[in-house]
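Step one of this worksheet: look at the structure below.
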Amino acid sequence: MRYKVEAVQLKSPSKKESEDAYVLHEEAGVFGVFDGATPLVSFEDEDGHNGAYLAAHHFREQLQGMDANDTLIQTIESANTRLYENMVAYGVDPSKGEERWSTCVAAVKLESTHFHYAHLGDSMVIAGDKMGAVHVLTTDTVAGISDRAKKKRAEDREVGRAVREESYYDVLLHKLRYNRELANVPGGYTVANGMPEVMTHLDTGSYPMKDLEDIWLVSDGLFHPGLSLEETCRKMKQQGIRSYINDLTAYLENHRHPIDDRTVVHLRFT
């Protein structure tokens with residue numbers, strides 16, 4: 001099938017560089033969006049990049065190197081292993097959740113009759129058909145993590161495990177550090193961070209190309225608090241991606257919501 005591809009990436013106004021990355025590897029039919037998790041530690045490499053940037057761009061480079069015979073699963077597994085090795089080489093302690101370099105993943109590989117997808121975290125894979133329906137193919141595993149974390153702490157206290165009083169986690173940094181320990185564990189969230197458990201939790205599947213109109217790969221910076229993902233894709237299609245982002249940014253500013261990095265890859269089939 002023939003298609004046109006559009007990619008848009010905008011940096012968060014609060015960051016010095018975007019912690020998102022994307023890949024457009026048309027020769028292999030591979031496309032992806034990667035959203036690095038903002039670090040909780042001050043590490044930077046010799047070029048001034050933090051762990052979020054490094055994780056997202058590492059995965060971009062690995063998928064950019066795919067050929068037609070490579071699978072997403074194999075490539076993500078290799079990328080995850082190399083990410084672990086890179087962290088260790090820089091003196092990062094991967095046993096500490098707050099130190100790990102990590103990134104969400106939303107990637108597809110086009111075949112003649114279907115496309116494969118792979119997903120971790122809250123970067124999403126969405127398909128639209130020629131009848132106008134929008135199908136969200138992946139689950140946002142980050143949504144509700146703070147509530148699940150609070151429930152887990154309460155359950156642990158009930159069985160006598162040593163957990164600080166809940167007021168301790170009213171401090172944002174303390175809460176975020178605890179949440180990072182829930183990466184790739186039951187009841188937590190999924191993310192590519194070098195842990196072998198990543199492959200156990202990798203969300204994969206395939207979707208038919210027949211009657212396919214478009215594919216959306218989006219980082220969570222595109223999410224509108226008042227719209228479903230289906231409505232978000234329809235709005236981007238109707239008014240254009242940049243116009244939608246302008247409206248979203250204005251809404252977030254008016255409601256004093258944080259503005260994240262915003263990245264979208266859109267494949268439109270003809």
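We name chains A, B, ... following the order of the structure tokens; residues begin at 1 in each chain, and ligands are numbered from 1 as shown.
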
Got a sec: who's within 10 Å of stretch 217-227 of chain A, counting only C-alpha atoms, leaving out chain neighbours fewer than 5 positions off, as JSON, numbers by chain?
{"A": [7, 8, 9, 10, 11, 12, 20, 21, 22, 31, 32, 33, 34, 35, 36, 104, 105, 106, 107, 108, 121, 122, 123, 124, 125, 126, 127, 140, 142, 232, 233, 235, 236, 241, 244, 245, 247, 248, 249, 251, 252, 257, 258, 259, 260, 261, 262, 263, 264, 265, 266, 267]}

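When only C-alpha atoms are used to measure the gap to A:Val191, the shortest distance among A:Thr141, A:Glu61, A:Arg153, A:Arg177 belongs to A:Thr141.
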
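Distances from A:Val5, A:Leu212, A:Leu110, A:Ala143 to A:Met131 were compared using only C-alpha atoms, and the smallest one belongs to A:Leu212.
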
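Across the model, the gap from atom CA of A:Leu54 to atom CA of A:Met87 is 9.6 Å.
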
To one decimal place, how far is atom CA of A:Asn254 from atom CA of A:Arg234 in Å?
22.7 Å

Could you give me the residues within stretch 49-250 of chain A that DSSP places in strand (DSSP E), as a PyMOL selection string?
chain A and resi 103-110+114-120+124-129+134-136+203-208+212-218

Per DSSP on the backbone, filter stretch 22-269 of chain A down to the residues in alpha helix (DSSP H) and report them as a ChimeraX atom specification.
/A:51-64,72-89,145-158,172-180,198-201,229-239,241-254

Shortest interatomic distance to A:Leu176 - which of A:Asn193, A:Gln62, A:Ser146, A:Ser14, counting only C-alpha atoms:
A:Ser146

Write out as a PyMOL selection string each polymer residue whose atoms come within 12 Å of A:Ser102, counting only C-alpha atoms; drop sequence neighbours fewer than 4 positions from it.
chain A and resi 19-20+34-40+50-59+79-80+83-84+86-87+94+97-98+120-121+180+183-184+189-195+198

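Minimum distance to A:Lys130 across A:Val30, A:Ala250, A:Met209, A:Val159 (counting only C-alpha atoms) occurs at A:Met209.
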
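Comparing the minimum interatomic distances between A:Phe115 and each of A:Gly132, A:Gly187, A:Gly48, A:Gly205, counting only C-alpha atoms, we find that A:Gly205 sits nearest.
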
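Considering the residues A:Asp47, A:Glu165, A:Glu181, A:Asp214 and counting only C-alpha atoms, A:Arg2 has its shortest atom-to-atom contact with A:Asp214.
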
Residues within 9 Å of A:Asp67, please, as a CSV table (one decimal) with C-alpha atoms, in the first residue's frame. Count only C-alpha atoms; anything in the same chain fewer than 3 positions from it doesn't count.
```
chain,number,residue,atom,x,y,z
A,27,GLU,CA,13.1,1.2,3.6
A,28,ALA,CA,12.3,-1.3,6.2
A,29,GLY,CA,8.7,-0.1,6.8
A,30,VAL,CA,9.6,0.8,10.4
A,63,LEU,CA,15.1,0.7,15.0
A,64,GLN,CA,16.7,2.9,12.3
A,70,ASP,CA,14.4,-8.0,11.4
A,71,THR,CA,11.4,-8.2,13.8
```
